[in-house]
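Peer 1: Just dropping this structure here.
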Amino acid sequence: MASHSVLTILMCALILVIIMPVTAELFHNSNSELLSRQRRAVCSPDCKNGGLCVTVSGKDMCLCSLPYTGQTCTVIIDYCTTAQPEIGIDPKVAPVCLNGTCLGTVLTEPYFNCSCLPGFNGTRCENNIDDCATNPCINGLCKDLINNYTCSCYQGWQGRHCSANINDCFAGACLNGGQCIDGNSSYTCNCSDTGFRGANCSENIDDCASPSNPCSNGGVCIDGVKNYTCQCLAGYSGRNCTVDEPDCSPNPCHYNGTCLERSNQALYGNASLPYPFDGVFNYSAAAGFVCLCPNGSSGNDCSINPNDCLDPATNRSLCAHASSCTDGLASFTCHCLPGYEGPTCSIDINECERFGQPCQNGAVCKDLVADYAC
């Protein structure tokens, strides 16, 4: 048996001395005599997997070799979940495999097997493999990661391994489509036909300033690249705000109100018309329209029609006896329930009179709602 197994036996024997009473005869002699006495013990059933049969306190028992335990050394200890304080392992504090998966118990020390995550090695997957050890960064500094690395390149170099020499023109020196002409540690930019100028083609040429503002009718010019756009006032459109939009077509005024375009300069200076037509035309007030509303309506587009069905004083329906009402333009119509009539359904129809005293043989007719009784 290997020396390690003998040492294990002796350690286990010492443990037995501590945890249970033993005969003085077992331990007063040398280790060799101890082993000799152990071999003379008889265990039934036999000790398996290299276990030794020993006599403790007059009782024969199996002294098992790791990683076995049990009465006959047939049970394998689960070292994925068992503490080994002699080598600093306690699964309750930290996993056996620090950066990996414990695959189970093996028959040799340390009696467990770890499958490490990529980038780690070691018995317990405790070592982060140095991915910079092969000096992958040719012209830069390497930073080790987990199963990877990054290179911080020296000036003038680029690429995954800092192996590509940077062309000065590749640094985006010429902006906005300018053509870069590489020189000796320098560059120049050709800005022709880009709409930009300057050393790096970064200054946009103002297309609104030459020769003059191209936007008409108070439009605001917005400079672009080799181009411009006009932000037209309401009522105008077109590339240069030269189109007068027909704000009154279709007519936005409800109830056939009269629509007046604010951009119609011929209407201005008329005191009989509302603002702004009673003053002087100005582009800042030329947007939109003004409605001349018919009687009974109001609002910017004549859409406000007060509910004529309601009594202004009480805010209750003018139609009596729970009759329904349809609002009109400065008018209303009551829809009377049976038995009532009149503009506001306030008249209770006398069916006795309406039907010519229908009760016969001297009976007296009594008027009811929409009915009568004899």
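Numbering starts fresh at 1 for the residues of each chain in the structure tokens, the chains themselves are lettered A, B, ... in the order given, and ligands are numbered from 1 as they appear.
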If DSSP is run on the backbone, what residues of region 121-291 of chain A are strand (DSSP E or B)? A reply as an NGL selection string would be ideal.
Peer 2: :A and (121 or 127-128 or 140-144 or 149-153 or 157-158 or 164-165 or 179-182 or 187-190 or 196-197 or 203-204 or 220-223 or 228-231 or 236-237 or 243-244 or 258-261 or 289-291)
Peer 1: Store the residues picked out above in a file with C-alpha atoms, as a short mmCIF file (atom, residue, chain, number, x, y, z; two decimals), in the first residue's frame.
Peer 2:
```
data_model
loop_
_atom_site.label_atom_id
_atom_site.label_comp_id
_atom_site.auth_asym_id
_atom_site.auth_seq_id
_atom_site.Cartn_x
_atom_site.Cartn_y
_atom_site.Cartn_z
CA ASN A 121 -7.88 26.56 -14.84
CA ASN A 127 -6.80 30.69 -11.80
CA ASN A 128 -7.77 33.26 -14.43
CA GLY A 140 0.07 48.35 -27.81
CA LEU A 141 -0.66 47.39 -24.22
CA CYS A 142 -2.60 44.22 -23.41
CA LYS A 143 -5.31 44.07 -20.75
CA ASP A 144 -6.24 40.59 -19.58
CA TYR A 149 -8.15 40.41 -23.84
CA THR A 150 -8.20 43.93 -25.21
CA CYS A 151 -5.41 45.93 -26.79
CA SER A 152 -4.80 49.62 -26.12
CA CYS A 153 -2.89 50.67 -29.22
CA TRP A 157 -1.81 51.95 -34.74
CA GLN A 158 -5.18 50.25 -34.72
CA ALA A 164 -2.57 48.12 -38.69
CA ASN A 165 -0.79 51.40 -39.35
CA GLN A 179 -11.62 64.42 -50.19
CA CYS A 180 -8.61 63.69 -47.98
CA ILE A 181 -5.17 63.92 -49.55
CA ASP A 182 -2.64 62.09 -47.38
CA TYR A 187 -3.25 65.73 -44.72
CA THR A 188 -5.14 68.33 -46.75
CA CYS A 189 -8.85 68.44 -47.57
CA ASN A 190 -10.43 69.12 -50.95
CA PHE A 196 -18.61 73.26 -47.07
CA ARG A 197 -15.31 75.07 -46.72
CA GLU A 203 -17.89 75.29 -42.26
CA ASN A 204 -21.25 75.12 -44.02
CA VAL A 220 -37.82 82.28 -43.08
CA CYS A 221 -34.85 80.78 -44.90
CA ILE A 222 -33.22 77.69 -43.31
CA ASP A 223 -29.76 76.92 -44.63
CA TYR A 228 -32.00 75.84 -48.48
CA THR A 229 -35.60 75.46 -47.36
CA CYS A 230 -38.20 78.15 -46.73
CA GLN A 231 -40.32 78.06 -43.59
CA TYR A 236 -48.30 80.47 -48.05
CA SER A 237 -46.48 77.49 -49.54
CA VAL A 243 -48.10 80.23 -53.39
CA ASP A 244 -51.02 81.80 -51.49
CA THR A 258 -68.84 83.80 -44.84
CA CYS A 259 -65.09 83.08 -45.00
CA LEU A 260 -62.58 85.94 -45.45
CA GLU A 261 -58.93 85.05 -46.20
CA PHE A 289 -59.15 83.15 -42.18
CA VAL A 290 -61.95 85.05 -40.43
CA CYS A 291 -65.57 83.85 -40.39
#
```
Peer 1: For Asp193 (chain A), find every residue with an atom within 10 Å (counting only C-alpha atoms), except residues of its own chain fewer than 4 positions away, and show them as an NGL selection string.
Peer 2: :A and (177-178 or 197 or 226)
Peer 1: Name the residues in contact with Gly296 (chain A) at a cut-off of 8 Å, using only C-alpha atoms, excluding same-chain residues fewer than 2 positions from it; report them as a ChimeraX atom specification.
Peer 2: /A:294,298,305-306,329-330
Peer 1: Export, as a PDB file, in the first residue's frame, the selected residues with N, CA and C atoms.
Peer 2:
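Listing of part-v7.pdb after writing:
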```pdb
ATOM      1  N   PRO A 294     -73.419  83.441 -39.142  1.00  0.00           N
ATOM      2  CA  PRO A 294     -74.853  83.744 -39.175  1.00  0.00           C
ATOM      3  C   PRO A 294     -75.407  83.835 -37.759  1.00  0.00           C
ATOM      4  N   SER A 298     -71.391  81.283 -33.259  1.00  0.00           N
ATOM      5  CA  SER A 298     -70.244  82.123 -32.929  1.00  0.00           C
ATOM      6  C   SER A 298     -68.999  81.251 -32.930  1.00  0.00           C
ATOM      7  N   ASN A 305     -72.800  76.792 -31.268  1.00  0.00           N
ATOM      8  CA  ASN A 305     -74.244  77.008 -31.384  1.00  0.00           C
ATOM      9  C   ASN A 305     -74.843  76.792 -30.004  1.00  0.00           C
ATOM     10  N   PRO A 306     -75.241  77.861 -29.286  1.00  0.00           N
ATOM     11  CA  PRO A 306     -75.813  77.686 -27.949  1.00  0.00           C
ATOM     12  C   PRO A 306     -77.021  76.764 -28.000  1.00  0.00           C
ATOM     13  N   LEU A 329     -80.497  76.413 -35.167  1.00  0.00           N
ATOM     14  CA  LEU A 329     -79.680  77.620 -35.213  1.00  0.00           C
ATOM     15  C   LEU A 329     -80.569  78.790 -34.802  1.00  0.00           C
ATOM     16  N   ALA A 330     -80.371  79.264 -33.559  1.00  0.00           N
ATOM     17  CA  ALA A 330     -81.221  80.293 -32.953  1.00  0.00           C
ATOM     18  C   ALA A 330     -82.666  79.827 -32.884  1.00  0.00           C
TER      19      ALA A 330
END
```
Peer 1: Find the residues around Cys97 (chain A) up to 8 Å (only C-alpha atoms counted), leave out those fewer than 4 positions away in its own chain, and share them as an MDAnalysis selection string.
Peer 2: chainID A and resid 101:102 114:116 123:126
Peer 1: Grab the residues selected above and save them as a PDB file, in the first residue's frame with N, CA and C atoms.
Peer 2:
```pdb
ATOM      1  N   THR A 101     -17.873  23.896 -12.598  1.00  0.00           N
ATOM      2  CA  THR A 101     -18.863  22.949 -12.104  1.00  0.00           C
ATOM      3  C   THR A 101     -18.162  21.717 -11.555  1.00  0.00           C
ATOM      4  N   CYS A 102     -18.560  21.295 -10.359  1.00  0.00           N
ATOM      5  CA  CYS A 102     -18.010  20.072  -9.764  1.00  0.00           C
ATOM      6  C   CYS A 102     -18.703  18.876 -10.389  1.00  0.00           C
ATOM      7  N   CYS A 114     -13.235  19.200 -11.263  1.00  0.00           N
ATOM      8  CA  CYS A 114     -13.888  20.448 -11.685  1.00  0.00           C
ATOM      9  C   CYS A 114     -13.844  20.593 -13.204  1.00  0.00           C
ATOM     10  N   SER A 115     -14.979  21.009 -13.774  1.00  0.00           N
ATOM     11  CA  SER A 115     -15.031  21.419 -15.178  1.00  0.00           C
ATOM     12  C   SER A 115     -15.054  22.946 -15.193  1.00  0.00           C
ATOM     13  N   CYS A 116     -13.936  23.554 -15.591  1.00  0.00           N
ATOM     14  CA  CYS A 116     -13.775  25.007 -15.466  1.00  0.00           C
ATOM     15  C   CYS A 116     -14.480  25.760 -16.589  1.00  0.00           C
ATOM     16  N   THR A 123      -6.972  23.333  -9.995  1.00  0.00           N
ATOM     17  CA  THR A 123      -7.731  22.249  -9.375  1.00  0.00           C
ATOM     18  C   THR A 123      -9.152  22.683  -9.054  1.00  0.00           C
ATOM     19  N   ARG A 124      -9.312  23.903  -8.546  1.00  0.00           N
ATOM     20  CA  ARG A 124     -10.631  24.429  -8.199  1.00  0.00           C
ATOM     21  C   ARG A 124     -11.078  25.516  -9.171  1.00  0.00           C
ATOM     22  N   CYS A 125     -10.484  25.576 -10.342  1.00  0.00           N
ATOM     23  CA  CYS A 125     -10.791  26.628 -11.325  1.00  0.00           C
ATOM     24  C   CYS A 125     -10.551  28.006 -10.710  1.00  0.00           C
ATOM     25  N   GLU A 126      -9.481  28.093  -9.909  1.00  0.00           N
ATOM     26  CA  GLU A 126      -9.208  29.330  -9.187  1.00  0.00           C
ATOM     27  C   GLU A 126      -8.333  30.300  -9.963  1.00  0.00           C
TER      28      GLU A 126
END
```
Peer 1: Taking into account only C-alpha atoms, which residue in the set A:Pro312, A:Gly328, A:Gly339, A:Gly279 is nearest to Gln265 (chain A)?
Peer 2: A:Gly279
Peer 1: Please, which residues of region 100-222 of chain A, numbered as in this document, come out helix (DSSP H, G or I) from DSSP, as a PyMOL selection string?
Peer 2: chain A and resi 168-171
Peer 1: Identify, on the basis of only C-alpha atoms, every residue whose closest approach to Phe281 (chain A) does not exceed 10 Å; exclude the query and any residue fewer than 6 positions from it along the same chain; express the result as a count of residues only.
Peer 2: 8
Peer 1: Quick one: of A:Asn227, A:Ala83, A:Ser297, A:Ala370, who's nearest to Cys352 (chain A), counting only C-alpha atoms?
Peer 2: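 Once distances to Cys352 (chain A) are computed over only C-alpha atoms, the minimum belongs to A:Ala370.
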Peer 1: If you count only C-alpha atoms, which residues fall within 10 Å of Ile77 (chain A), apart from same-chain ones fewer than 4 positions away, as an MDAnalysis selection string?
Peer 2: chainID A and resid 66:70 81:82 104:106 111:112
Peer 1: May I ask for the distance between CA of Thr134 (chain A) and CA of Tyr154 (chain A), given in Å to one decimal place?
Peer 2: 18.2 Å
Peer 1: Can you tell me how far CA of Gly238 (chain A) sits from CA of Ala285 (chain A), in Å to one decimal?
Peer 2: 19.0 Å
Peer 1: Counting only C-alpha atoms, which of A:Phe332, A:Tyr340, A:Tyr255, A:Tyr79 gets nearest to Asp308 (chain A)?
Peer 2: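 Among the listed residues, A:Phe332 lies closest to Asp308 (chain A).
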Peer 1: Residues near Gly51 (chain A), anyone? I mean within 7 Å using only C-alpha atoms, not counting same-chain ones fewer than 3 positions away, as a count of residues only.
Peer 2: 7
Peer 1: In Å to one decimal, how far is CA of Ile205 (chain A) from CA of Val225 (chain A)?
Peer 2: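 Taking CA of Val225 (chain A) and CA of Ile205 (chain A), their separation equals 7.5 Å.
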